[in-house]
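Trainee: My file is my_file_22.json. It has JSON, C-alpha atoms:
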[["chain", "number", "residue", "atom", "x", "y", "z"],
["A", 1, "MET", "CA", 36.34, -54.57, -50.02],
["A", 2, "THR", "CA", 38.15, -52.52, -47.36],
["A", 3, "TYR", "CA", 39.88, -54.11, -44.37],
["A", 4, "GLU", "CA", 40.15, -52.52, -40.91],
["A", 5, "LYS", "CA", 41.73, -53.72, -37.68],
["A", 6, "SER", "CA", 41.16, -52.42, -34.16],
["A", 7, "CYS", "CA", 42.56, -53.53, -30.80],
["A", 8, "GLY", "CA", 41.06, -53.14, -27.35],
["A", 9, "ALA", "CA", 39.97, -55.01, -24.27],
["A", 10, "VAL", "CA", 37.04, -56.47, -22.44],
["A", 11, "ILE", "CA", 37.50, -54.57, -19.20],
["A", 12, "TYR", "CA", 35.95, -56.04, -16.08],
["A", 13, "ARG", "CA", 35.74, -55.32, -12.39],
["A", 14, "ILE", "CA", 34.35, -57.05, -9.32],
["A", 15, "ASN", "CA", 31.65, -54.94, -7.66],
["A", 16, "ASN", "CA", 29.99, -56.31, -4.52],
["A", 17, "GLY", "CA", 31.06, -59.82, -5.50],
["A", 18, "ASN", "CA", 29.66, -59.53, -9.04],
["A", 19, "VAL", "CA", 31.60, -59.30, -12.31],
["A", 20, "GLU", "CA", 30.80, -56.18, -14.33],
["A", 21, "TYR", "CA", 31.98, -55.32, -17.85],
["A", 22, "LEU", "CA", 32.69, -51.85, -19.21],
["A", 23, "LEU", "CA", 30.75, -50.99, -22.36],
["A", 24, "VAL", "CA", 30.98, -47.75, -24.30],
["A", 25, "LEU", "CA", 28.47, -46.20, -26.70],
["A", 26, "ASN", "CA", 30.28, -45.16, -29.86],
["A", 27, "LYS", "CA", 28.99, -42.08, -31.65],
["A", 28, "LYS", "CA", 28.03, -42.29, -35.29],
["A", 29, "LYS", "CA", 27.15, -39.44, -37.61],
["A", 30, "ASN", "CA", 23.40, -39.30, -38.21],
["A", 31, "ALA", "CA", 22.86, -42.59, -36.38],
["A", 32, "LYS", "CA", 22.19, -43.99, -32.93],
["A", 33, "GLY", "CA", 25.70, -45.40, -32.47],
["A", 34, "HIS", "CA", 26.62, -48.81, -31.13],
["A", 35, "TRP", "CA", 27.63, -50.40, -27.84],
["A", 36, "GLY", "CA", 30.97, -52.15, -27.66],
["A", 37, "PHE", "CA", 34.23, -52.48, -25.78],
["A", 38, "PRO", "CA", 36.91, -49.76, -25.84],
["A", 39, "LYS", "CA", 39.10, -50.23, -28.92],
["A", 40, "GLY", "CA", 40.71, -48.38, -31.79],
["A", 41, "HIS", "CA", 42.99, -48.48, -34.80],
["A", 42, "ARG", "CA", 46.72, -49.13, -34.69],
["A", 43, "GLU", "CA", 49.12, -46.22, -35.14],
["A", 44, "GLY", "CA", 52.60, -46.54, -36.62],
["A", 45, "ASP", "CA", 54.43, -49.71, -35.60],
["A", 46, "GLU", "CA", 52.39, -50.40, -32.46],
["A", 47, "ASN", "CA", 51.74, -54.01, -31.58],
["A", 48, "GLU", "CA", 48.23, -55.13, -30.59],
["A", 49, "TYR", "CA", 48.82, -54.65, -26.85],
["A", 50, "GLU", "CA", 50.25, -51.16, -27.32],
["A", 51, "THR", "CA", 47.30, -50.18, -29.47],
["A", 52, "ALA", "CA", 44.83, -51.52, -26.90],
["A", 53, "VAL", "CA", 46.52, -49.68, -24.00],
["A", 54, "ARG", "CA", 46.66, -46.37, -25.91],
["A", 55, "GLU", "CA", 43.10, -46.57, -27.20],
["A", 56, "ILE", "CA", 41.64, -47.50, -23.81],
["A", 57, "LYS", "CA", 43.50, -44.59, -22.20],
["A", 58, "GLU", "CA", 42.37, -42.16, -24.94],
["A", 59, "GLU", "CA", 38.74, -43.29, -24.91],
["A", 60, "THR", "CA", 38.17, -43.80, -21.17],
["A", 61, "GLY", "CA", 41.11, -42.30, -19.27],
["A", 62, "LEU", "CA", 41.72, -45.72, -17.67],
["A", 63, "SER", "CA", 44.96, -47.64, -17.24],
["A", 64, "VAL", "CA", 44.50, -51.40, -17.46],
["A", 65, "VAL", "CA", 46.27, -54.62, -16.57],
["A", 66, "PHE", "CA", 45.86, -57.52, -18.99],
["A", 67, "SER", "CA", 44.56, -60.77, -17.46],
["A", 68, "GLY", "CA", 46.52, -63.70, -18.83],
["A", 69, "GLY", "CA", 47.26, -64.17, -22.49],
["A", 70, "ALA", "CA", 43.68, -64.46, -23.74],
["A", 71, "ARG", "CA", 43.21, -63.00, -27.25],
["A", 72, "VAL", "CA", 40.00, -63.13, -29.26],
["A", 73, "VAL", "CA", 39.29, -61.77, -32.72],
["A", 74, "SER", "CA", 35.79, -60.68, -33.73],
["A", 75, "THR", "CA", 35.27, -60.28, -37.49],
["A", 76, "TYR", "CA", 32.29, -58.30, -38.72],
["A", 77, "SER", "CA", 31.13, -55.76, -41.28],
["A", 78, "PRO", "CA", 30.44, -52.38, -39.67],
["A", 79, "LYS", "CA", 29.17, -51.04, -43.02],
["A", 80, "ASP", "CA", 28.81, -52.12, -46.63],
["A", 81, "GLY", "CA", 32.11, -52.98, -48.28],
["A", 82, "VAL", "CA", 34.09, -53.09, -45.02],
["A", 83, "THR", "CA", 35.40, -56.13, -43.16],
["A", 84, "LYS", "CA", 36.79, -55.45, -39.70],
["A", 85, "ASP", "CA", 38.81, -57.53, -37.26],
["A", 86, "ALA", "CA", 38.55, -56.37, -33.66],
["A", 87, "VAL", "CA", 41.21, -57.93, -31.43],
["A", 88, "TYR", "CA", 40.34, -58.09, -27.74],
["A", 89, "PHE", "CA", 42.24, -58.97, -24.61],
["A", 90, "MET", "CA", 40.84, -59.41, -21.10],
["A", 91, "ALA", "CA", 41.81, -56.63, -18.68],
["A", 92, "THR", "CA", 41.09, -55.11, -15.29],
["A", 93, "VAL", "CA", 41.35, -51.50, -14.23],
["A", 94, "ARG", "CA", 44.75, -50.61, -12.78],
["A", 95, "ASN", "CA", 43.33, -48.12, -10.29],
["A", 96, "ASP", "CA", 40.02, -46.69, -9.16],
["A", 97, "ALA", "CA", 40.28, -43.71, -11.50],
["A", 98, "GLU", "CA", 37.08, -42.20, -12.76],
["A", 99, "ILE", "CA", 36.19, -42.77, -16.38],
["A", 100, "THR", "CA", 36.75, -39.76, -18.59],
["A", 101, "LEU", "CA", 35.13, -40.35, -21.97],
["A", 102, "GLN", "CA", 36.61, -39.10, -25.21],
["A", 103, "LYS", "CA", 33.58, -36.97, -26.11],
["A", 104, "SER", "CA", 34.46, -36.79, -29.81],
["A", 105, "GLU", "CA", 33.99, -40.56, -30.16],
["A", 106, "LEU", "CA", 31.93, -41.81, -27.22],
["A", 107, "ALA", "CA", 28.50, -40.79, -25.95],
["A", 108, "GLU", "CA", 28.36, -42.75, -22.69],
["A", 109, "PHE", "CA", 29.61, -45.76, -20.76],
["A", 110, "ARG", "CA", 28.00, -48.40, -18.60],
["A", 111, "TRP", "CA", 29.22, -51.11, -16.20],
["A", 112, "CYS", "CA", 27.05, -54.17, -16.95],
["A", 113, "SER", "CA", 26.48, -57.73, -15.86],
["A", 114, "ARG", "CA", 27.23, -60.35, -18.50],
["A", 115, "ALA", "CA", 23.53, -60.70, -19.35],
["A", 116, "GLU", "CA", 23.11, -56.92, -19.74],
["A", 117, "ALA", "CA", 26.28, -56.69, -21.81],
["A", 118, "GLU", "CA", 25.17, -59.43, -24.18],
["A", 119, "LYS", "CA", 21.86, -57.60, -24.77],
["A", 120, "LEU", "CA", 23.53, -54.22, -25.41],
["A", 121, "LEU", "CA", 26.51, -55.26, -27.53],
["A", 122, "THR", "CA", 25.98, -54.51, -31.21],
["A", 123, "PHE", "CA", 28.74, -56.59, -32.83],
["A", 124, "ASP", "CA", 30.80, -58.19, -30.08],
["A", 125, "ALA", "CA", 28.44, -60.32, -27.98],
["A", 126, "PRO", "CA", 30.31, -63.58, -28.84],
["A", 127, "VAL", "CA", 33.57, -62.07, -27.55],
["A", 128, "LEU", "CA", 32.54, -62.49, -23.89],
["A", 129, "GLN", "CA", 31.82, -66.19, -24.32],
["A", 130, "LYS", "CA", 35.09, -66.80, -26.15],
["A", 131, "LEU", "CA", 37.24, -64.93, -23.61],
["A", 132, "GLU", "CA", 35.60, -66.54, -20.61],
["A", 133, "ARG", "CA", 36.44, -69.99, -22.00],
["A", 134, "LEU", "CA", 40.15, -69.19, -22.33]]
Could the structure of this file be written out as structure tokens, please?
Mentor:
Amino acid sequence: MTYEKSCGAVIYRINNGNVEYLLVLNKKKNAKGHWGFPKGHREGDENEYETAVREIKEETGLSVVFSGGARVVSTYSPKDGVTKDAVYFMATVRNDAEITLQKSELAEFRWCSRAEAEKLLTFDAPVLQKLERL
């Protein structure tokens, strides 16, 4: 069994009085891909926050501000023989910068209501409920 760990954030914004969440469609070789939140693997001696900030910037071009100290871990198996922990924080966008996707890893992005996000998310649907309770 192989173990992986990624760190990222549930990024939200208020648009016309409604909360919207940023989802990204991850590319997969010979597959449809999956919807999730921006995240990625740790490099060197980064802590979880540093990894999340770097990965969000690399994948979306966005700078974020973390909202409180909420931290949620989602454990799942992305493929046979692999267990993965995805650590998420809650964050807002630091500025109104446009999203610039990392084309090598992401196919598209979407700002979604909670209901839309829960329908699209492949692995991380419970993350929204957990973070909103904290």
Trainee: Take atom CA of Cys112 of chain A and atom CA of Leu62 of chain A and report the distance between them in Å, one decimal.
Mentor: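 Result for atom CA of Cys112 of chain A versus atom CA of Leu62 of chain A: 16.9 Å, one decimal.
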Trainee: For a quick check of understanding, using only C-alpha atoms, which of A:Leu131, A:Leu106, A:Ile56, A:Val82 has the smallest distance to Met1 of chain A?
Mentor: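 Comparing A:Leu131, A:Leu106, A:Ile56, A:Val82 against Met1 of chain A, the winner is A:Val82.
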Trainee: In Å, with one decimal, what is the gap from atom CA of Asn26 of chain A to atom CA of Glu105 of chain A?
Mentor: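 Distance reported for this atom pair: 5.9 Å.
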Trainee: Taking only C-alpha atoms into account, name the residue in A:Glu58, A:Asp124, A:Glu108, A:Asp96 that is nearest to Val72 of chain A.
Mentor: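 So, comparing all the options, the nearest one is A:Asp124.
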Trainee: Set the distance at 10 Å and use only C-alpha atoms: which residues neighbour Thr122 of chain A once local chain neighbours fewer than 5 positions away are removed? I'd like the list as a list in words.
Mentor: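 Close residues of Thr122 of chain A: Leu25, Gly33, His34, Trp35, Gly36, Pro78 and Ala117 of chain A.
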Trainee: Quick one: residues within 8 Å of Glu4 of chain A, only C-alpha atoms, excluding same-chain residues fewer than 2 positions away - as a PyMOL selection string?
Mentor: chain A and resi 2+6+41+82-85
Trainee: So, with all atoms listed in the file as the atoms that count, which of A:Glu50, A:Asp45, A:Glu20, A:Glu132 lies closest to Ser63 of chain A?
Mentor: A:Glu50
Trainee: Can you measure atom CA of Leu22 of chain A to atom CA of Leu128 of chain A for me? One decimal in Å is fine.
Mentor: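 Rounded to one decimal, the two atoms are 11.6 Å apart.
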Trainee: Residues near Ile11 of chain A, anyone? I mean within 6 Å using only C-alpha atoms, not counting same-chain ones fewer than 5 positions away, as a list in words.
Mentor: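 The filter keeps Tyr21, Leu22, Ala91 and Thr92 of chain A.
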Trainee: Can I get the selected residues back with C-alpha atoms, as an mmCIF file, in the frame of the given file?
Mentor:
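That gives us again-v4.cif:
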data_model
loop_
_atom_site.group_PDB
_atom_site.id
_atom_site.type_symbol
_atom_site.label_atom_id
_atom_site.label_comp_id
_atom_site.auth_asym_id
_atom_site.auth_seq_id
_atom_site.Cartn_x
_atom_site.Cartn_y
_atom_site.Cartn_z
ATOM 1 C CA TYR A 21 31.980 -55.320 -17.850
ATOM 2 C CA LEU A 22 32.690 -51.850 -19.210
ATOM 3 C CA ALA A 91 41.810 -56.630 -18.680
ATOM 4 C CA THR A 92 41.090 -55.110 -15.290
#
Trainee: Using only C-alpha atoms, which protein or nucleic acid residues come within 9 Å of Thr60 of chain A? Drop anything in the same chain fewer than 4 positions from it, and give the result as a list in words.
Mentor: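 My list of contacting residues is Val24, Pro38, Glu55, Ile56, Glu98, Ile99, Thr100, Leu101, Gln102, Leu106 and Phe109 of chain A.
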Trainee: Include C-alpha atoms and write out the residues we just selected as a CSV table (one decimal), keeping the file's coordinate frame.
Mentor:
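result-v8.csv was written with the following content:
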chain,number,residue,atom,x,y,z
A,24,VAL,CA,31.0,-47.8,-24.3
A,38,PRO,CA,36.9,-49.8,-25.8
A,55,GLU,CA,43.1,-46.6,-27.2
A,56,ILE,CA,41.6,-47.5,-23.8
A,98,GLU,CA,37.1,-42.2,-12.8
A,99,ILE,CA,36.2,-42.8,-16.4
A,100,THR,CA,36.8,-39.8,-18.6
A,101,LEU,CA,35.1,-40.4,-22.0
A,102,GLN,CA,36.6,-39.1,-25.2
A,106,LEU,CA,31.9,-41.8,-27.2
A,109,PHE,CA,29.6,-45.8,-20.8
Trainee: Can you work out which one of A:Arg133, A:Lys119, A:Ser113, A:Ser77 has the shortest atom-to-atom distance to Ile14 of chain A, counting only C-alpha atoms?
Mentor: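 Answer, going by the shortest atom-to-atom distance: A:Ser113.
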Trainee: With distances taken over all atoms listed in the file, which residue among A:Cys7, A:Ala107, A:Leu120, A:Leu23 lies nearest Glu46 of chain A?
Mentor: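 Checking each of A:Cys7, A:Ala107, A:Leu120, A:Leu23 against Glu46 of chain A, counting all atoms listed in the file, the winner is A:Cys7.
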Trainee: Counting all atoms listed in the file, which residue out of A:Asn18, A:Lys27, A:Tyr3, A:Val65 sits closest to Gly81 of chain A?
Mentor: A:Tyr3
Trainee: Write segment 86-114 of chain A as a CSV table (one decimal), in the coordinates of the input, completed to N, CA and C atoms.
Mentor:
chain,number,residue,atom,x,y,z
A,86,ALA,N,38.4,-57.0,-34.9
A,86,ALA,CA,38.6,-56.4,-33.7
A,86,ALA,C,39.2,-57.4,-32.7
A,87,VAL,N,40.4,-57.1,-32.3
A,87,VAL,CA,41.2,-57.9,-31.4
A,87,VAL,C,41.0,-57.5,-30.0
A,88,TYR,N,40.6,-58.4,-29.1
A,88,TYR,CA,40.3,-58.1,-27.7
A,88,TYR,C,41.2,-58.9,-26.8
A,89,PHE,N,41.6,-58.3,-25.7
A,89,PHE,CA,42.2,-59.0,-24.6
A,89,PHE,C,41.4,-58.8,-23.4
A,90,MET,N,41.6,-59.6,-22.4
A,90,MET,CA,40.8,-59.4,-21.1
A,90,MET,C,41.7,-58.5,-20.2
A,91,ALA,N,41.0,-57.6,-19.5
A,91,ALA,CA,41.8,-56.6,-18.7
A,91,ALA,C,41.0,-56.2,-17.5
A,92,THR,N,41.7,-55.7,-16.5
A,92,THR,CA,41.1,-55.1,-15.3
A,92,THR,C,41.6,-53.7,-15.2
A,93,VAL,N,40.9,-52.9,-14.4
A,93,VAL,CA,41.4,-51.5,-14.2
A,93,VAL,C,42.5,-51.5,-13.3
A,94,ARG,N,43.5,-50.7,-13.6
A,94,ARG,CA,44.8,-50.6,-12.8
A,94,ARG,C,44.5,-49.9,-11.5
A,95,ASN,N,43.6,-48.9,-11.5
A,95,ASN,CA,43.3,-48.1,-10.3
A,95,ASN,C,41.9,-47.8,-10.3
A,96,ASP,N,41.4,-47.1,-9.3
A,96,ASP,CA,40.0,-46.7,-9.2
A,96,ASP,C,39.7,-45.3,-9.8
A,97,ALA,N,40.5,-45.0,-10.8
A,97,ALA,CA,40.3,-43.7,-11.5
A,97,ALA,C,38.9,-43.6,-12.1
A,98,GLU,N,38.4,-42.4,-12.1
A,98,GLU,CA,37.1,-42.2,-12.8
A,98,GLU,C,37.2,-42.3,-14.3
A,99,ILE,N,36.2,-42.7,-14.9
A,99,ILE,CA,36.2,-42.8,-16.4
A,99,ILE,C,36.0,-41.4,-16.9
A,100,THR,N,36.8,-41.0,-17.9
A,100,THR,CA,36.8,-39.8,-18.6
A,100,THR,C,36.6,-40.1,-20.1
A,101,LEU,N,35.4,-40.0,-20.6
A,101,LEU,CA,35.1,-40.4,-22.0
A,101,LEU,C,35.7,-39.4,-23.0
A,102,GLN,N,36.2,-39.9,-24.1
A,102,GLN,CA,36.6,-39.1,-25.2
A,102,GLN,C,35.3,-38.7,-25.9
A,103,LYS,N,34.9,-37.5,-25.6
A,103,LYS,CA,33.6,-37.0,-26.1
A,103,LYS,C,33.4,-36.9,-27.6
A,104,SER,N,34.6,-36.8,-28.4
A,104,SER,CA,34.5,-36.8,-29.8
A,104,SER,C,34.1,-38.1,-30.4
A,105,GLU,N,34.3,-39.2,-29.6
A,105,GLU,CA,34.0,-40.6,-30.2
A,105,GLU,C,32.9,-41.3,-29.4
A,106,LEU,N,32.8,-41.0,-28.1
A,106,LEU,CA,31.9,-41.8,-27.2
A,106,LEU,C,30.8,-41.0,-26.6
A,107,ALA,N,29.6,-41.5,-26.5
A,107,ALA,CA,28.5,-40.8,-26.0
A,107,ALA,C,28.3,-41.1,-24.5
A,108,GLU,N,28.5,-42.4,-24.1
A,108,GLU,CA,28.4,-42.8,-22.7
A,108,GLU,C,29.0,-44.1,-22.4
A,109,PHE,N,29.1,-44.5,-21.1
A,109,PHE,CA,29.6,-45.8,-20.8
A,109,PHE,C,28.7,-46.4,-19.8
A,110,ARG,N,28.8,-47.7,-19.6
A,110,ARG,CA,28.0,-48.4,-18.6
A,110,ARG,C,28.8,-49.6,-18.1
A,111,TRP,N,28.7,-49.9,-16.8
A,111,TRP,CA,29.2,-51.1,-16.2
A,111,TRP,C,28.0,-52.1,-16.2
A,112,CYS,N,28.2,-53.2,-16.8
A,112,CYS,CA,27.0,-54.2,-17.0
A,112,CYS,C,27.4,-55.6,-16.5
A,113,SER,N,26.3,-56.3,-16.1
A,113,SER,CA,26.5,-57.7,-15.9
A,113,SER,C,26.7,-58.4,-17.2
A,114,ARG,N,27.0,-59.6,-17.2
A,114,ARG,CA,27.2,-60.4,-18.5
A,114,ARG,C,25.9,-60.4,-19.3
